[in-house]
Amino acid sequence: MKKIILSVFSFLALGNASFAQFESSSFCNTGHGGATTFATDYQATGINPANLGWDWKFAKKKFAMGYMEVTSSIYSDALSKSELRGAAADFMGSGSQFTQQQKKDAARNFAESGFTFNANVGSFGAALTTKAAGGFAFRINDNFQAYCKMGTTTADLLFLGRTSSVFDSLVIYNSVTGDTSQIKNYENMSPDSIKMVLSGYTNAPKLLSKLLNGTEMTFTWTREYNFSYGRKIFGDSTFAMFGGIGLKYVQGLALVNVKSENEQLSGYSSITPAFDIDYGTAAAQANEVRQSGVIPKPVGKGYGLDFGLNVIIANKLKIGAALINAGSIKWDGNVYTVKDTFMYSTTNAGLQNYNIFGQMKDILGKNGLLKVEGQQTITTKLPGVFRTGASIELGKYAELGVDCIFPLDGDNPDVVGQIKKPLIGFGGDLKPVKWLKLQAGFITGGNYKYSVPIGIIIVAKDGTYECGVASRDAITFFTQNGPTLSLSTGFLRFRF
């Protein structure tokens, strides 16, 4: 069951953090490059709660609900499209273990490079709009983010483990004679010889901060329960202003933030016990949390606030702004900090596939490549953003808009999952018939170069049922290098 949980997590957690903060787990908004003035009902939670005060476009329908809306993608400038598909198979748990040559290839691919991934999974959402009181919404959303960039030595050490070039000598075991012996490490070892290696060691040890220099590894998994409210403040069909607020309770399930820059190493982690990491003697110093049941147990909790305003002019032009994720999380379970120590030896065999964050025990565990010590608590800020946007309806058949997102703590290295630069997107919807919506847009900035999102939405029975698929980057379909694999889906969205 543990492997199933982690495989599902790893598959869902594919993407780029800048995208996640752009349209969240909303397949209705992925394809057109904007969300601040496009998102409606429960999909407006975490984007702009003021939108909950709007009248719905579907007459006599005041209640909406949806299940399992997933938006995800993975990007790597180190892999080709075919290699990235292989990495996705690893994330699903269906990839085979690396051979020694594949480990060397992976180390070479990720030297001075890496990948980003994230996902948003809306497991449930519901919204009710009333004429007198305004709109109410509730949503449960899982947010995943990861970024990994490795220095040359780090990639070699992580993937090759005890046979890494970091170690000049090897301890081998002969199963026929039962003897152990020491030999020099050398290139092009045969598979049979590699199986005999018990450990690697060096006679000239170096500090981890030097070996890991140029490496950055971040990973978060949070689950939020968001209750939002929005209503009209004043106005009529000529000009109307709306306001909204969202309160979220946030559970922390995973936090990793490791960085070595200018040979200065820093890092900490707090990970749900569902990952089954044995921290050895370091666990005595921490508030150890044990797994009970099949649902991953949280190791942190916190609160966040969202605020939003928008105006509608002549029932056609929408202009909105929102402050999202004002808050923090206190991590108080399985908290560990990374120690800068000399790397003498390891028994670790190295990573077995591209699913790096599914193998955290080989990085942070008692036999992992990093050395940790227990702590009691760590508090981190939520990745707050200020977003603003506008859109205009062109008759009944189209709506065009633009969105801008600005990070509130873009220069703070302790705000994991924060975009580093402002992000801009524009695009729109085309509705050739009432049951079909086509989407396209353009996005640039954030943690990314640029992308061309596209989507298709089916609307049945005057809005009673809605489903669709979208991609965050159509460019991937036409290029082999620097690809983004992306998919946004929703098949269980209803209005009554």
# chains A, B, ... in the order shown; residues from 1 in each chain; ligands from 1

call {"tool": "residues_around", "arguments": {"residues": "stretch 337-350 of chain A", "least_positions_apart": "3", "cutoff": "8 Å", "atoms": "only C-alpha atoms", "output": "PyMOL selection string"}}
result
chain A and resi 157-163+167+198-209+258+265-269+362+367-375

call {"tool": "write_last_selection", "arguments": {"atoms": "N, CA and C atoms", "output": "compact mmCIF listing (two decimals), in the first residue's frame"}}
result
# COMPACT_ATOMS: atom_id res chain seq x y z
N LEU A 157 27.27 11.46 -7.35
CA LEU A 157 27.13 10.84 -6.03
C LEU A 157 25.74 10.27 -5.81
N LEU A 158 24.71 11.03 -6.20
CA LEU A 158 23.34 10.59 -5.97
C LEU A 158 22.98 9.35 -6.79
N PHE A 159 23.34 9.35 -8.06
CA PHE A 159 22.93 8.24 -8.91
C PHE A 159 23.85 7.01 -8.79
N LEU A 160 25.14 7.23 -8.59
CA LEU A 160 26.08 6.09 -8.54
C LEU A 160 26.33 5.59 -7.12
N GLY A 161 26.05 6.40 -6.12
CA GLY A 161 26.20 5.94 -4.74
C GLY A 161 27.60 5.47 -4.42
N ARG A 162 27.72 4.25 -3.91
CA ARG A 162 29.00 3.72 -3.45
C ARG A 162 30.02 3.51 -4.56
N THR A 163 29.58 3.48 -5.82
CA THR A 163 30.54 3.35 -6.93
C THR A 163 30.87 4.70 -7.57
N PHE A 167 34.59 8.26 -4.49
CA PHE A 167 35.30 7.28 -3.68
C PHE A 167 36.42 6.63 -4.49
N LEU A 198 30.29 -3.63 -1.48
CA LEU A 198 29.57 -3.37 -0.23
C LEU A 198 29.55 -1.89 0.11
N SER A 199 30.65 -1.20 -0.16
CA SER A 199 30.73 0.22 0.18
C SER A 199 31.85 0.88 -0.62
N GLY A 200 31.77 2.20 -0.68
CA GLY A 200 32.84 2.98 -1.27
C GLY A 200 33.40 3.91 -0.22
N TYR A 201 34.69 4.18 -0.26
CA TYR A 201 35.30 5.10 0.70
C TYR A 201 36.44 5.85 0.02
N THR A 202 36.81 6.95 0.65
CA THR A 202 37.86 7.78 0.08
C THR A 202 38.94 8.06 1.13
N ASN A 203 40.16 8.14 0.68
CA ASN A 203 41.28 8.47 1.54
C ASN A 203 41.53 9.97 1.61
N ALA A 204 40.73 10.74 0.84
CA ALA A 204 40.85 12.19 0.86
C ALA A 204 39.45 12.79 0.99
N PRO A 205 38.82 12.65 2.15
CA PRO A 205 37.43 13.10 2.33
C PRO A 205 37.26 14.60 2.17
N LYS A 206 36.10 14.99 1.66
CA LYS A 206 35.76 16.40 1.50
C LYS A 206 34.44 16.69 2.20
N LEU A 207 34.22 17.95 2.56
CA LEU A 207 32.97 18.35 3.18
C LEU A 207 31.83 18.21 2.18
N LEU A 208 30.64 17.87 2.69
CA LEU A 208 29.45 17.78 1.83
C LEU A 208 29.17 19.09 1.12
N SER A 209 29.42 20.21 1.80
CA SER A 209 29.18 21.52 1.19
C SER A 209 29.99 21.71 -0.07
N VAL A 258 17.07 21.88 0.56
CA VAL A 258 18.51 21.65 0.68
C VAL A 258 19.22 22.47 -0.39
N LEU A 265 26.54 24.92 2.95
CA LEU A 265 25.43 23.97 2.91
C LEU A 265 24.37 24.31 3.95
N SER A 266 23.13 24.32 3.52
CA SER A 266 22.00 24.50 4.44
C SER A 266 20.88 23.58 4.00
N GLY A 267 20.05 23.17 4.95
CA GLY A 267 18.95 22.29 4.56
C GLY A 267 18.15 21.80 5.75
N TYR A 268 16.89 21.50 5.49
CA TYR A 268 16.01 20.94 6.51
C TYR A 268 14.91 20.15 5.81
N SER A 269 14.25 19.31 6.60
CA SER A 269 13.17 18.49 6.04
C SER A 269 12.16 18.16 7.11
N ASP A 362 16.98 7.24 0.67
CA ASP A 362 18.36 7.07 0.21
C ASP A 362 19.14 8.37 0.24
N ASN A 367 21.18 5.58 6.26
CA ASN A 367 22.22 5.16 5.31
C ASN A 367 22.24 6.06 4.07
N GLY A 368 21.59 7.23 4.20
CA GLY A 368 21.51 8.15 3.07
C GLY A 368 22.79 8.93 2.86
N LEU A 369 22.82 9.68 1.80
CA LEU A 369 24.03 10.43 1.43
C LEU A 369 24.20 11.70 2.25
N LEU A 370 23.09 12.24 2.81
CA LEU A 370 23.18 13.41 3.66
C LEU A 370 23.10 13.00 5.13
N LYS A 371 23.75 13.76 5.99
CA LYS A 371 23.72 13.51 7.42
C LYS A 371 22.80 14.53 8.08
N VAL A 372 21.88 14.06 8.93
CA VAL A 372 20.89 14.95 9.51
C VAL A 372 20.90 14.83 11.03
N GLU A 373 20.34 15.85 11.69
CA GLU A 373 20.12 15.82 13.12
C GLU A 373 18.71 16.33 13.40
N GLY A 374 18.10 15.77 14.45
CA GLY A 374 16.71 16.08 14.74
C GLY A 374 16.50 17.47 15.32
N GLN A 375 15.35 18.07 14.97
CA GLN A 375 14.93 19.35 15.51
C GLN A 375 13.48 19.20 15.99

call {"tool": "residues_around", "arguments": {"residues": "A:Thr71", "least_positions_apart": "3", "cutoff": "7 Å", "atoms": "only C-alpha atoms", "output": "list in words"}}
result
Ser25, Ser26, Phe27, Ala119, Asn120, Val121, Leu487, Ser488 and Thr489 of chain A

call {"tool": "select_by_dssp", "arguments": {"residues": "stretch 344-472 of chain A", "states": "strand (DSSP E)", "output": "NGL selection string"}}
result
:A and (344-346 or 371-375 or 378-381 or 385-394 or 398-407 or 423-433 or 436-445 or 448-451 or 454-460 or 465-471)

call {"tool": "residues_around", "arguments": {"residues": "A:Lys60", "least_positions_apart": "5", "cutoff": "12 Å", "atoms": "only C-alpha atoms", "output": "PyMOL selection string"}}
result
chain A and resi 55+128-131+462-464+495-496

call {"tool": "closest_residue", "arguments": {"among": "A:Gln101, A:Tyr397, A:Gly151, A:Gly33", "to": "A:Ser451", "atoms": "only C-alpha atoms"}}
result
A:Gly33

call {"tool": "closest_residue", "arguments": {"among": "A:Lys195, A:Arg493, A:Lys103, A:Lys396", "to": "A:Lys437", "atoms": "only C-alpha atoms"}}
result
A:Lys396

call {"tool": "residues_around", "arguments": {"residues": "A:Ser486", "least_positions_apart": "6", "cutoff": "6 Å", "atoms": "only C-alpha atoms", "output": "PyMOL selection string"}}
result
chain A and resi 72-73+471-472

call {"tool": "write_last_selection", "arguments": {"atoms": "N, CA and C atoms", "output": "PDB file, in the first residue's frame"}}
result
ATOM      1  N   SER A  72      -1.366  18.942 -13.886  1.00  0.00           N
ATOM      2  CA  SER A  72      -0.003  18.516 -13.601  1.00  0.00           C
ATOM      3  C   SER A  72       0.879  18.650 -14.830  1.00  0.00           C
ATOM      4  N   SER A  73       2.188  18.745 -14.589  1.00  0.00           N
ATOM      5  CA  SER A  73       3.156  18.748 -15.685  1.00  0.00           C
ATOM      6  C   SER A  73       4.555  18.530 -15.134  1.00  0.00           C
ATOM      7  N   SER A 471      -3.692  21.295 -21.824  1.00  0.00           N
ATOM      8  CA  SER A 471      -2.250  21.158 -21.670  1.00  0.00           C
ATOM      9  C   SER A 471      -1.666  22.522 -21.361  1.00  0.00           C
ATOM     10  N   ARG A 472      -0.680  22.554 -20.462  1.00  0.00           N
ATOM     11  CA  ARG A 472      -0.030  23.814 -20.135  1.00  0.00           C
ATOM     12  C   ARG A 472       0.947  24.260 -21.202  1.00  0.00           C
TER      13      ARG A 472
END

call {"tool": "residues_around", "arguments": {"residues": "A:Gly395", "least_positions_apart": "5", "cutoff": "12 Å", "atoms": "only C-alpha atoms", "output": "number ranges by chain"}}
result
A: 315-317, 400, 429-432

call {"tool": "write_last_selection", "arguments": {"atoms": "N, CA and C atoms", "output": "PDB file, in the first residue's frame"}}
result
ATOM      1  N   ASN A 315     -21.251  44.983 -17.621  1.00  0.00           N
ATOM      2  CA  ASN A 315     -21.489  43.533 -17.704  1.00  0.00           C
ATOM      3  C   ASN A 315     -20.576  42.831 -18.707  1.00  0.00           C
ATOM      4  N   LYS A 316     -19.448  43.482 -19.056  1.00  0.00           N
ATOM      5  CA  LYS A 316     -18.563  42.878 -20.058  1.00  0.00           C
ATOM      6  C   LYS A 316     -17.091  42.904 -19.647  1.00  0.00           C
ATOM      7  N   LEU A 317     -16.633  44.010 -19.103  1.00  0.00           N
ATOM      8  CA  LEU A 317     -15.229  44.167 -18.736  1.00  0.00           C
ATOM      9  C   LEU A 317     -15.040  43.842 -17.252  1.00  0.00           C
ATOM     10  N   LEU A 400     -11.616  37.350 -23.828  1.00  0.00           N
ATOM     11  CA  LEU A 400     -10.163  37.490 -23.863  1.00  0.00           C
ATOM     12  C   LEU A 400      -9.689  38.143 -22.581  1.00  0.00           C
ATOM     13  N   ASP A 429     -11.127  32.364 -24.370  1.00  0.00           N
ATOM     14  CA  ASP A 429     -12.054  31.285 -24.722  1.00  0.00           C
ATOM     15  C   ASP A 429     -12.779  31.631 -26.013  1.00  0.00           C
ATOM     16  N   LEU A 430     -13.003  30.627 -26.821  1.00  0.00           N
ATOM     17  CA  LEU A 430     -13.826  30.752 -28.014  1.00  0.00           C
ATOM     18  C   LEU A 430     -14.953  29.743 -27.911  1.00  0.00           C
ATOM     19  N   LYS A 431     -16.203  30.222 -28.011  1.00  0.00           N
ATOM     20  CA  LYS A 431     -17.380  29.352 -27.862  1.00  0.00           C
ATOM     21  C   LYS A 431     -18.177  29.334 -29.165  1.00  0.00           C
ATOM     22  N   PRO A 432     -17.770  28.485 -30.117  1.00  0.00           N
ATOM     23  CA  PRO A 432     -18.464  28.455 -31.404  1.00  0.00           C
ATOM     24  C   PRO A 432     -19.905  27.972 -31.294  1.00  0.00           C
TER      25      PRO A 432
END

call {"tool": "closest_residue", "arguments": {"among": "A:Gly178, A:Met150, A:Leu423, A:Asn355", "to": "A:Gln97", "atoms": "only C-alpha atoms"}}
result
A:Asn355

call {"tool": "residues_around", "arguments": {"residues": "A:Asn310", "least_positions_apart": "5", "cutoff": "7 Å", "atoms": "only C-alpha atoms", "output": "PDB file with N, CA and C atoms, in the first residue's frame"}}
result
ATOM      1  N   ALA A  50     -13.321  37.003  -4.592  1.00  0.00           N
ATOM      2  CA  ALA A  50     -14.330  38.002  -4.952  1.00  0.00           C
ATOM      3  C   ALA A  50     -15.227  37.519  -6.076  1.00  0.00           C
ATOM      4  N   MET A 241     -18.836  46.586  -7.887  1.00  0.00           N
ATOM      5  CA  MET A 241     -17.616  46.130  -7.205  1.00  0.00           C
ATOM      6  C   MET A 241     -17.936  44.944  -6.311  1.00  0.00           C
ATOM      7  N   PHE A 242     -17.010  43.988  -6.292  1.00  0.00           N
ATOM      8  CA  PHE A 242     -17.189  42.766  -5.509  1.00  0.00           C
ATOM      9  C   PHE A 242     -15.964  42.549  -4.625  1.00  0.00           C
ATOM     10  N   GLY A 243     -16.180  41.947  -3.467  1.00  0.00           N
ATOM     11  CA  GLY A 243     -15.077  41.631  -2.572  1.00  0.00           C
ATOM     12  C   GLY A 243     -15.205  40.213  -2.043  1.00  0.00           C
ATOM     13  N   LYS A 318     -14.143  42.905 -16.958  1.00  0.00           N
ATOM     14  CA  LYS A 318     -13.849  42.523 -15.575  1.00  0.00           C
ATOM     15  C   LYS A 318     -12.398  42.894 -15.258  1.00  0.00           C
ATOM     16  N   ILE A 319     -12.201  43.501 -14.113  1.00  0.00           N
ATOM     17  CA  ILE A 319     -10.867  43.851 -13.645  1.00  0.00           C
ATOM     18  C   ILE A 319     -10.767  43.361 -12.197  1.00  0.00           C
ATOM     19  N   GLY A 320      -9.729  42.559 -11.901  1.00  0.00           N
ATOM     20  CA  GLY A 320      -9.646  41.974 -10.572  1.00  0.00           C
ATOM     21  C   GLY A 320      -8.247  41.978 -10.000  1.00  0.00           C
ATOM     22  N   ALA A 321      -8.164  41.851  -8.673  1.00  0.00           N
ATOM     23  CA  ALA A 321      -6.895  41.753  -7.975  1.00  0.00           C
ATOM     24  C   ALA A 321      -7.087  40.899  -6.731  1.00  0.00           C
TER      25      ALA A 321
END

call {"tool": "atom_distance", "arguments": {"atom1": "atom CA of A:Ala254", "atom2": "atom CA of A:Trp221"}}
result
4.8 Å

call {"tool": "atom_distance", "arguments": {"atom1": "atom CA of A:Ile47", "atom2": "atom CA of A:Thr30"}}
result
12.6 Å

call {"tool": "closest_residue", "arguments": {"among": "A:Met189, A:Leu492, A:Val171, A:Ala107", "to": "A:Thr153", "atoms": "only C-alpha atoms"}}
result
A:Ala107

call {"tool": "select_by_dssp", "arguments": {"residues": "stretch 302-468 of chain A", "states": "helix (DSSP H, G or I)", "output": "MDAnalysis selection string"}}
result
chainID A and resid 356:359 361:364

call {"tool": "write_last_selection", "arguments": {"atoms": "C-alpha atoms", "output": "mmCIF file, in the first residue's frame"}}
result
data_model
loop_
_atom_site.group_PDB
_atom_site.id
_atom_site.type_symbol
_atom_site.label_atom_id
_atom_site.label_comp_id
_atom_site.auth_asym_id
_atom_site.auth_seq_id
_atom_site.Cartn_x
_atom_site.Cartn_y
_atom_site.Cartn_z
ATOM 1 C CA ILE A 356 14.213 11.185 -6.881
ATOM 2 C CA PHE A 357 11.666 12.364 -4.332
ATOM 3 C CA GLY A 358 10.186 8.883 -4.010
ATOM 4 C CA GLN A 359 13.634 7.722 -2.806
ATOM 5 C CA LYS A 361 15.249 7.513 2.383
ATOM 6 C CA ASP A 362 18.363 7.070 0.211
ATOM 7 C CA ILE A 363 19.119 10.763 0.632
ATOM 8 C CA LEU A 364 18.018 11.608 4.195
#

call {"tool": "residues_around", "arguments": {"residues": "A:Asp41", "least_positions_apart": "3", "cutoff": "12 Å", "atoms": "only C-alpha atoms", "output": "ChimeraX atom specification"}}
result
/A:26,28,37-38,44-58,61-66,125-130,134-139,227-231,493-495

call {"tool": "atom_distance", "arguments": {"atom1": "atom CA of A:Ser270", "atom2": "atom CA of A:Phe124"}}
result
26.1 Å

call {"tool": "closest_residue", "arguments": {"among": "A:Asn262, A:Asn325, A:Thr222, A:Asn353", "to": "A:Leu382", "atoms": "only C-alpha atoms"}}
result
A:Asn325

call {"tool": "closest_residue", "arguments": {"among": "A:Asp414, A:Glu466, A:Glu69, A:Glu288", "to": "A:Leu255", "atoms": "only C-alpha atoms"}}
result
A:Asp414
